[in-house]
$ cat work.csv   # CSV, C-alpha atoms
chain,number,residue,atom,x,y,z
A,106,MET,CA,18.8,100.7,7.3
A,107,ILE,CA,17.3,97.3,8.1
A,108,SER,CA,20.1,96.6,10.5
A,109,MET,CA,19.5,99.9,12.3
A,110,LEU,CA,15.8,99.0,12.7
A,111,LYS,CA,16.8,95.7,14.2
A,112,LEU,CA,19.1,97.4,16.6
A,113,LEU,CA,16.4,99.9,17.7
A,114,PHE,CA,14.0,97.0,18.1
A,115,CYS,CA,16.4,95.2,20.4
A,116,ILE,CA,16.8,98.4,22.5
A,117,PHE,CA,13.0,98.8,22.7
A,118,LEU,CA,12.6,95.2,23.8
A,119,ILE,CA,15.1,95.8,26.6
A,120,PHE,CA,13.1,98.8,28.0
A,121,ILE,CA,9.9,96.7,27.7
A,122,LEU,CA,11.4,93.9,29.8
A,123,TYR,CA,12.8,96.3,32.3
A,124,ALA,CA,9.3,98.0,32.8
A,125,VAL,CA,7.6,94.6,33.2
A,126,ILE,CA,10.0,93.4,35.8
A,127,THR,CA,10.3,96.7,37.7
A,128,TYR,CA,6.7,97.6,37.9
A,129,SER,CA,5.1,94.2,38.3
A,130,THR,CA,2.4,93.7,41.0
A,131,PRO,CA,4.0,93.7,44.5
A,132,VAL,CA,3.8,90.6,46.7
A,133,GLU,CA,1.1,90.8,49.4
A,134,ILE,CA,1.0,88.5,52.4
A,135,THR,CA,-2.6,88.1,53.5
A,136,ILE,CA,-3.3,86.3,56.8
A,137,ASP,CA,-6.3,83.9,56.5
A,138,TYR,CA,-7.8,83.0,59.9
A,139,ASN,CA,-9.3,79.5,59.2
A,140,GLU,CA,-7.7,77.9,62.3
A,141,THR,CA,-10.0,76.2,64.9
A,142,VAL,CA,-10.0,78.3,68.1
A,143,PRO,CA,-11.8,78.1,71.4
A,144,CYS,CA,-15.4,79.3,71.0
A,145,THR,CA,-16.1,82.4,73.0
A,146,PRO,CA,-17.9,85.6,72.0
A,147,THR,CA,-14.6,87.6,71.9
A,148,THR,CA,-12.4,85.1,70.0
A,149,CYS,CA,-15.1,84.3,67.4
A,150,ALA,CA,-16.0,87.9,66.9
A,151,ALA,CA,-12.3,88.7,66.3
A,152,LEU,CA,-12.4,86.2,63.5
A,153,GLY,CA,-15.6,87.6,62.1
A,154,LYS,CA,-17.4,84.3,63.0
A,155,ASN,CA,-20.3,83.1,65.1
A,156,CYS,CA,-19.9,80.9,68.1
A,157,ASN,CA,-22.0,77.7,67.6
A,158,SER,CA,-21.0,75.9,70.9
A,159,TRP,CA,-18.6,76.5,73.7
A,160,ASP,CA,-16.3,73.6,72.9
A,161,ASP,CA,-16.4,73.7,69.1
A,162,GLY,CA,-14.7,76.0,66.7
A,163,CYS,CA,-16.0,79.2,65.2
A,164,GLY,CA,-18.1,79.2,62.1
A,165,GLY,CA,-21.1,80.9,60.5
A,166,THR,CA,-21.9,84.6,60.4
A,167,LEU,CA,-22.3,87.2,63.2
A,168,ASN,CA,-26.0,86.9,63.7
A,169,CYS,CA,-27.6,86.2,67.1
A,170,GLY,CA,-31.1,85.3,66.0
A,171,THR,CA,-33.2,84.7,69.1
A,172,CYS,CA,-31.4,84.5,72.4
A,173,SER,CA,-32.7,82.5,75.4
A,174,THR,CA,-34.3,84.3,78.3
A,175,GLY,CA,-31.7,86.2,80.4
A,176,GLN,CA,-29.1,86.1,77.7
A,177,THR,CA,-27.5,88.9,75.9
A,178,CYS,CA,-26.3,89.2,72.2
A,179,ASN,CA,-22.7,90.2,72.1
A,180,THR,CA,-21.0,90.4,68.6
A,181,GLY,CA,-23.4,87.9,67.2
A,182,VAL,CA,-23.3,85.4,70.1
A,183,CYS,CA,-25.8,84.6,72.8
A,184,TYR,CA,-24.2,84.5,76.3
A,185,SER,CA,-25.3,84.6,79.9
A,186,PRO,CA,-23.4,87.1,82.0
A,187,SER,CA,-23.7,84.8,85.1
A,188,GLY,CA,-22.7,81.6,83.3
A,189,GLY,CA,-24.5,78.8,81.5
A,190,GLY,CA,-26.8,79.3,78.6
A,191,SER,CA,-26.5,78.1,75.0
A,192,THR,CA,-22.8,78.9,74.8
A,193,GLY,CA,-22.1,76.5,77.6
A,194,GLY,CA,-20.2,78.9,79.8
A,195,SER,CA,-19.9,82.5,81.0
A,196,TYR,CA,-18.4,85.5,79.3
A,197,ASN,CA,-16.7,88.2,81.3
A,198,PRO,CA,-15.9,91.3,79.2
A,199,SER,CA,-13.3,92.4,81.8
A,200,THR,CA,-11.2,89.3,81.2
A,201,PRO,CA,-9.5,89.2,77.7
A,202,ASN,CA,-10.0,86.0,75.8
A,203,VAL,CA,-6.8,85.5,73.7
A,204,VAL,CA,-6.7,83.7,70.4
A,205,ASN,CA,-3.2,82.4,69.5
A,206,VAL,CA,-2.8,82.0,65.7
A,207,SER,CA,0.8,81.1,64.7
A,208,ASN,CA,2.8,84.2,65.9
A,209,LYS,CA,-0.3,86.4,66.1
A,210,THR,CA,-2.6,87.1,69.0
A,211,ILE,CA,-6.0,88.7,69.1
A,212,SER,CA,-7.8,89.7,72.3
A,213,GLU,CA,-10.3,92.2,73.6
A,214,PRO,CA,-8.3,95.4,74.4
A,215,VAL,CA,-8.0,96.5,78.0
A,216,GLN,CA,-7.1,100.1,78.6
A,217,GLU,CA,-3.8,100.4,80.6
A,218,VAL,CA,-3.4,103.7,82.4
A,219,PRO,CA,-0.1,104.3,84.2
A,220,PRO,CA,-0.5,104.7,88.0
A,221,VAL,CA,-0.6,108.2,89.5
A,222,GLN,CA,2.9,108.9,90.9
A,223,GLN,CA,3.4,110.7,94.2
A,224,LEU,CA,5.4,113.9,93.9
A,225,LYS,CA,8.5,114.3,96.1
A,226,GLU,CA,10.6,117.4,96.7
A,227,SER,CA,14.2,117.9,97.8
A,228,PRO,CA,16.0,121.1,98.8
A,229,ASP,CA,19.2,120.0,97.0
A,230,ILE,CA,17.7,118.7,93.7
A,231,LYS,CA,15.5,120.3,91.1
A,232,ILE,CA,13.9,118.4,88.2
A,233,THR,CA,12.0,120.1,85.4
A,234,LEU,CA,10.2,118.6,82.3
A,235,SER,CA,10.0,120.2,78.9
A,236,THR,CA,7.8,118.8,76.2
A,237,ILE,CA,4.8,119.6,74.0
A,238,ASP,CA,1.6,120.7,75.8
A,239,GLU,CA,-0.9,118.7,73.7
A,240,ILE,CA,-0.7,115.4,71.8
A,241,GLU,CA,-3.0,112.6,70.6
A,242,SER,CA,-3.1,109.7,73.1
A,243,GLY,CA,-1.0,106.7,72.4
A,244,GLU,CA,1.4,108.7,70.1
A,245,PRO,CA,5.2,108.9,70.6
A,246,PHE,CA,6.8,112.1,71.7
A,247,ILE,CA,9.9,113.5,73.3
A,248,ILE,CA,10.4,114.6,76.9
A,249,ASN,CA,13.5,116.5,78.0
A,250,VAL,CA,14.2,116.1,81.8
A,251,THR,CA,16.6,118.7,83.3
A,252,VAL,CA,18.2,117.8,86.7
A,253,SER,CA,20.1,120.4,88.8
A,254,SER,CA,22.0,119.4,92.0
A,255,LYS,CA,23.7,121.4,94.7
A,256,ASN,CA,26.0,118.4,95.4
A,257,SER,CA,27.6,115.7,93.4
A,258,LEU,CA,25.0,113.2,92.3
A,259,SER,CA,24.7,109.8,90.5
A,260,THR,CA,21.2,108.6,90.1
A,261,SER,CA,18.6,107.3,87.7
A,262,VAL,CA,15.6,109.1,86.2
A,263,LYS,CA,12.5,107.1,85.2
A,264,ILE,CA,9.5,108.0,83.1
A,265,PHE,CA,6.9,105.3,82.5
A,266,ASP,CA,9.0,102.1,81.8
A,267,ILE,CA,12.1,104.0,80.5
A,268,GLU,CA,15.0,104.5,82.9
A,269,LYS,CA,18.3,106.4,82.3
A,270,GLU,CA,21.3,107.2,84.4
A,271,ILE,CA,22.8,110.7,85.1
A,272,MET,CA,25.9,111.9,86.8
A,273,LEU,CA,26.3,115.5,88.0
A,274,GLY,CA,29.1,117.4,89.8
A,275,LYS,CA,28.5,120.0,92.5
A,276,GLU,CA,26.2,122.8,91.3
A,277,GLU,CA,25.9,121.1,87.9
A,278,THR,CA,22.9,120.7,85.6
A,279,GLY,CA,22.3,117.9,83.1
A,280,THR,CA,19.5,117.0,80.6
A,281,LEU,CA,18.2,113.6,79.6
A,282,SER,CA,15.9,113.0,76.6
A,283,PHE,CA,13.1,110.4,76.6
A,284,GLU,CA,11.1,109.1,73.7
A,285,VAL,CA,7.9,107.7,75.1
A,286,TYR,CA,4.3,106.9,74.1
A,287,ALA,CA,1.5,109.0,75.5
A,288,PRO,CA,-1.0,107.1,77.8
A,289,GLU,CA,-4.1,105.7,76.0
A,290,VAL,CA,-6.5,108.1,77.8
A,291,GLY,CA,-8.0,111.4,77.1
A,292,GLY,CA,-8.0,114.7,79.0
A,293,SER,CA,-5.4,116.3,81.3
A,294,TYR,CA,-2.5,114.0,82.4
A,295,ASN,CA,0.4,114.7,84.8
A,296,LEU,CA,3.8,113.4,83.5
A,297,VAL,CA,6.2,112.6,86.3
A,298,ALA,CA,9.9,112.0,86.2
A,299,ILE,CA,11.0,109.9,89.1
A,300,THR,CA,14.3,109.7,91.0
A,301,PRO,CA,15.1,108.3,94.5
A,302,TYR,CA,15.5,111.8,95.8
A,303,ALA,CA,12.9,114.0,94.1
A,304,THR,CA,10.4,114.1,91.3
A,305,GLY,CA,9.5,116.5,88.5
A,306,ASN,CA,6.2,116.9,86.7
A,307,LYS,CA,4.4,118.6,83.8
A,308,THR,CA,0.7,118.5,82.8
A,309,ILE,CA,-0.1,117.8,79.2
A,310,ASN,CA,-3.5,117.5,77.4
A,311,LEU,CA,-4.2,114.1,75.7
A,312,ILE,CA,-6.6,114.1,72.8
A,313,TYR,CA,-8.3,110.7,72.8
A,314,LYS,CA,-8.5,108.5,69.7
A,315,PRO,CA,-9.7,104.9,69.3
A,316,LEU,CA,-6.8,103.4,67.4
A,317,PHE,CA,-3.3,102.9,68.8
A,318,LEU,CA,-0.3,101.5,66.7
A,319,TYR,CA,3.0,100.5,68.3
A,320,VAL,CA,6.0,99.1,66.5
A,321,THR,CA,8.8,97.7,68.6
A,322,GLN,CA,11.9,95.6,67.8
A,323,ALA,CA,11.5,92.0,69.1
A,324,GLY,CA,14.8,90.6,67.8
A,325,ASN,CA,17.4,90.8,65.0
A,326,LYS,CA,15.3,92.4,62.2
A,327,THR,CA,12.2,91.1,63.9
A,328,TYR,CA,9.5,93.6,64.8
A,329,GLU,CA,6.3,93.4,66.7
A,330,ILE,CA,3.2,95.2,65.5
A,331,HIS,CA,0.9,95.9,68.4
A,332,LEU,CA,-2.4,97.3,67.4
A,333,LYS,CA,-5.3,98.4,69.7
A,334,ASN,CA,-8.7,99.4,68.5
A,335,PHE,CA,-11.3,100.4,71.1
A,336,GLU,CA,-14.2,100.9,68.7
A,337,ASP,CA,-16.7,98.1,68.5
A,338,LYS,CA,-18.4,97.1,65.2
A,339,SER,CA,-15.5,98.5,63.2
A,340,THR,CA,-13.0,97.1,60.7
A,341,THR,CA,-9.3,97.6,61.1
A,342,GLU,CA,-6.7,97.3,58.3
A,343,VAL,CA,-3.0,97.0,59.0
A,344,GLU,CA,-0.4,97.2,56.1
A,345,VAL,CA,3.4,97.2,55.9
A,346,ILE,CA,5.0,98.8,52.9
A,347,ARG,CA,8.7,98.5,52.0
A,348,ASN,CA,10.6,101.3,50.2
A,349,ASN,CA,7.3,103.0,49.3
A,350,ALA,CA,6.6,100.4,46.7
A,351,GLU,CA,6.2,96.8,47.9
A,352,THR,CA,3.4,95.7,50.3
A,353,VAL,CA,5.0,92.9,52.4
A,354,PHE,CA,2.2,92.4,54.9
A,355,ILE,CA,-1.5,93.2,55.0
A,356,ASP,CA,-4.3,92.1,57.4
A,357,THR,CA,-7.9,92.9,58.1
A,358,LEU,CA,-9.6,92.5,61.5
A,359,ASN,CA,-13.1,93.2,62.8
A,360,ASN,CA,-14.5,94.7,66.0
A,361,LYS,CA,-12.6,95.8,69.1
A,362,ILE,CA,-9.1,94.1,69.1
A,363,ASP,CA,-5.8,94.0,70.9
A,364,TYR,CA,-3.6,92.5,68.1
A,365,ARG,CA,0.0,91.5,68.0
A,366,VAL,CA,2.0,90.0,65.2
A,367,ASN,CA,5.8,89.5,64.7
A,368,LEU,CA,7.4,90.1,61.3
A,369,THR,CA,11.0,89.4,60.2
A,370,LEU,CA,12.0,92.1,57.8
A,371,THR,CA,14.8,92.5,55.3
A,372,PRO,CA,16.8,95.8,55.2
A,373,GLY,CA,14.9,98.8,53.8
A,374,ASP,CA,12.6,101.7,54.7
A,375,TYR,CA,9.3,100.6,56.1
A,376,VAL,CA,5.9,102.3,56.6
A,377,PHE,CA,3.4,100.7,59.0
A,378,LYS,CA,-0.1,101.9,58.4
A,379,ALA,CA,-3.3,101.2,60.4
A,380,LYS,CA,-6.8,102.4,59.7
A,381,THR,CA,-10.2,101.7,61.3
A,382,PHE,CA,-13.5,102.1,59.6
A,383,SER,CA,-17.1,102.1,60.5
A,384,GLY,CA,-18.8,101.2,57.2
A,385,SER,CA,-17.3,103.6,54.7
A,386,SER,CA,-16.3,106.2,57.3
A,387,LEU,CA,-12.7,106.5,58.4
A,388,LEU,CA,-12.7,106.6,62.3
A,389,ASP,CA,-8.9,106.9,62.8
A,390,GLU,CA,-5.6,106.1,61.3
A,391,ASP,CA,-2.0,105.8,62.5
A,392,THR,CA,1.4,105.5,60.8
A,393,ARG,CA,4.9,104.5,61.9
A,394,THR,CA,8.2,104.5,59.9
A,395,ILE,CA,11.4,102.6,60.6
A,396,LYS,CA,14.6,102.0,58.7
A,397,ILE,CA,16.4,98.6,58.9
A,398,GLU,CA,20.1,98.8,58.2
A,399,GLY,CA,22.1,96.0,56.6
A,400,ASN,CA,23.3,94.7,53.3
A,401,PRO,CA,20.5,94.7,50.6
A,402,THR,CA,19.1,91.4,49.6
A,403,PHE,CA,19.3,90.1,46.1
A,404,ASN,CA,16.9,91.7,43.7
A,405,TYR,CA,16.0,88.7,41.5
A,406,GLY,CA,14.2,90.9,39.1
A,407,GLU,CA,17.4,92.9,38.4
A,408,ILE,CA,19.3,89.7,38.0
A,409,VAL,CA,16.8,88.3,35.4
A,410,LEU,CA,16.9,91.7,33.6
A,411,GLY,CA,20.7,91.6,33.5
A,412,ALA,CA,20.7,88.1,32.1
A,413,VAL,CA,18.1,89.1,29.4
A,414,ILE,CA,20.2,92.1,28.4
A,415,ILE,CA,23.3,90.0,28.1
A,416,ILE,CA,21.5,87.4,26.0
A,417,ILE,CA,20.1,90.1,23.7
A,418,LEU,CA,23.5,91.7,23.3
A,419,ILE,CA,25.1,88.4,22.4
A,420,ALA,CA,22.3,87.6,19.9
A,421,SER,CA,22.7,91.1,18.4
A,422,ILE,CA,26.5,90.6,18.0
A,423,ILE,CA,25.9,87.3,16.3
A,424,LEU,CA,23.1,88.7,14.2
A,425,PHE,CA,25.0,91.8,13.0
A,426,SER,CA,28.4,90.3,12.8
A,427,GLY,CA,29.9,90.8,9.4
A,428,LYS,CA,27.1,93.3,8.5
A,429,LYS,CA,27.6,97.0,8.0
A,430,VAL,CA,25.0,99.2,9.7
A,431,SER,CA,23.5,101.5,7.0

$ encode --input "work.csv" --output "structure tokens"
Amino acid sequence: MISMLKLLFCIFLIFILYAVITYSTPVEITIDYNETVPCTPTTCAALGKNCNSWDDGCGGTLNCGTCSTGQTCNTGVCYSPSGGGSTGGSYNPSTPNVVNVSNKTISEPVQEVPPVQQLKESPDIKITLSTIDEIESGEPFIINVTVSSKNSLSTSVKIFDIEKEIMLGKEETGTLSFEVYAPEVGGSYNLVAITPYATGNKTINLIYKPLFLYVTQAGNKTYEIHLKNFEDKSTTEVEVIRNNAETVFIDTLNNKIDYRVNLTLTPGDYVFKAKTFSGSSLLDEDTRTIKIEGNPTFNYGEIVLGAVIIIILIASIILFSGKKVS
């Protein structure tokens, strides 16, 4: 009976060790912005700091105090729109001031709107676009472009920065599928598919939102997170979660930002989350998911668990050898 209790105790110990290793606190990588950067209203505000002088680094808190005559308080910093002043230089909100911190950049976002394309018709070629009628601005969506030609045709079709080739025989019809991001604007927008011979178009409605999250592949298992937040005096959080369990990256930023960071990721399923807050109120959120193929990396927790199990089994065999289990 005592031997049986010892055996049950060993099994119970195995489950306890497994639970501790499997459900231990996930690793979090938090970026700490303590680097010295050029002192401008935008760069210091992006770091949540105050600009003490034009040539020095950022420090202190976002609090203007009393600005000199003719100056304006911008994100906790006094500046003169025409130049000079206590900051020692001018601040032009239309020119982004970029902070380079390792493989990360932070700048003031500038809204990029695709140019209006001129429509062009042809008696021999017809181009039609099929897609959803309404979508949040900056979100990914699919556009199907159907091309019909009276004669044999080999040409390219372009939407935004994506270009694809198509070959058609006489009186033939073909369809191309494009995955694109909606423009970062609000209201009615005219999508245009461009070829050298003719264009096709479709009007969609874009619902404006302040937060835009893009995830693109930058290299072998390296991905770029590109985040834009157009809301001033807000806090933005970005987080990357692997296999719905492990937080592999987390960062928090303040005020309006155009933010980029490159991450090298191991194989797995990833969720990229971004949220922007004003105080305790959620202003907007965005999510992207990707799957990285490849051989799984070593799970050192499982290796340790296996070694512990083997040690316990060996100890149990030695302990119970020559004894009869009651």

$ atom_distance --input "work.csv" --atom1 "CA of Asn256 in chain A" --atom2 "CA of Thr308 in chain A"
28.3 Å

$ closest_atom_pairs --input "work.csv" --of "range 198-309 of chain A" --to "range 380-393 of chain A" --cutoff "12 Å" --atoms "only C-alpha atoms" --output "CSV"
residue,atom,partner,partner_atom,distance
A:Glu241,CA,A:Asp391,CA,10.6
A:Ser242,CA,A:Asp391,CA,11.3
A:Gly243,CA,A:Asp391,CA,10.0
A:Glu244,CA,A:Asp391,CA,8.8
A:Pro245,CA,A:Arg393,CA,9.8

$ closest_atom_pairs --input "work.csv" --of "range 298-391 of chain A" --to "range 268-283 of chain A" --cutoff "12 Å" --atoms "all atoms listed in the file" --output "Markdown table"
| residue | atom | partner | partner_atom | distance |
| --- | --- | --- | --- | --- |
| A:Ala298 | CA | A:Glu268 | CA | 9.7 |
| A:Ile299 | CA | A:Glu268 | CA | 9.1 |
| A:Thr300 | CA | A:Glu268 | CA | 9.7 |
| A:Pro301 | CA | A:Glu270 | CA | 11.9 |

$ write_last_selection --input "work.csv" --atoms "C-alpha atoms" --output "mmCIF file, keeping the file's coordinate frame"
data_model
loop_
_atom_site.group_PDB
_atom_site.id
_atom_site.type_symbol
_atom_site.label_atom_id
_atom_site.label_comp_id
_atom_site.auth_asym_id
_atom_site.auth_seq_id
_atom_site.Cartn_x
_atom_site.Cartn_y
_atom_site.Cartn_z
ATOM 1 C CA ALA A 298 9.900 112.000 86.200
ATOM 2 C CA ILE A 299 11.000 109.900 89.100
ATOM 3 C CA THR A 300 14.300 109.700 91.000
ATOM 4 C CA PRO A 301 15.100 108.300 94.500
#

$ atom_distance --input "work.csv" --atom1 "CA of Val366 in chain A" --atom2 "CA of Asp266 in chain A"
21.7 Å

$ residues_around --input "work.csv" --residues "range 228-230 of chain A" --least-positions-apart "5" --cutoff "7 Å" --atoms "all atoms listed in the file" --output "PyMOL selection string"
chain A and resi 253-255+303

$ closest_residue --input "work.csv" --among "A:Ser235, A:Ser293, A:Thr352, A:Asn325" --to "Gly399 in chain A" --atoms "all atoms listed in the file"
A:Asn325

$ atom_distance --input "work.csv" --atom1 "CA of Glu344 in chain A" --atom2 "CA of Gly373 in chain A"
15.6 Å

$ residues_near_point --input "work.csv" --point "(4.8, 119.6, 81.6)" --cutoff "7 Å" --atoms "all atoms listed in the file" --output "list in words"
Leu234, Ser235, Thr236, Asp238, Leu296, Asn306, Lys307, Thr308 and Ile309 of chain A

$ closest_residue --input "work.csv" --among "A:Thr304, A:Thr371, A:Thr321, A:Thr357" --to "Glu226 in chain A" --atoms "only C-alpha atoms"
A:Thr304
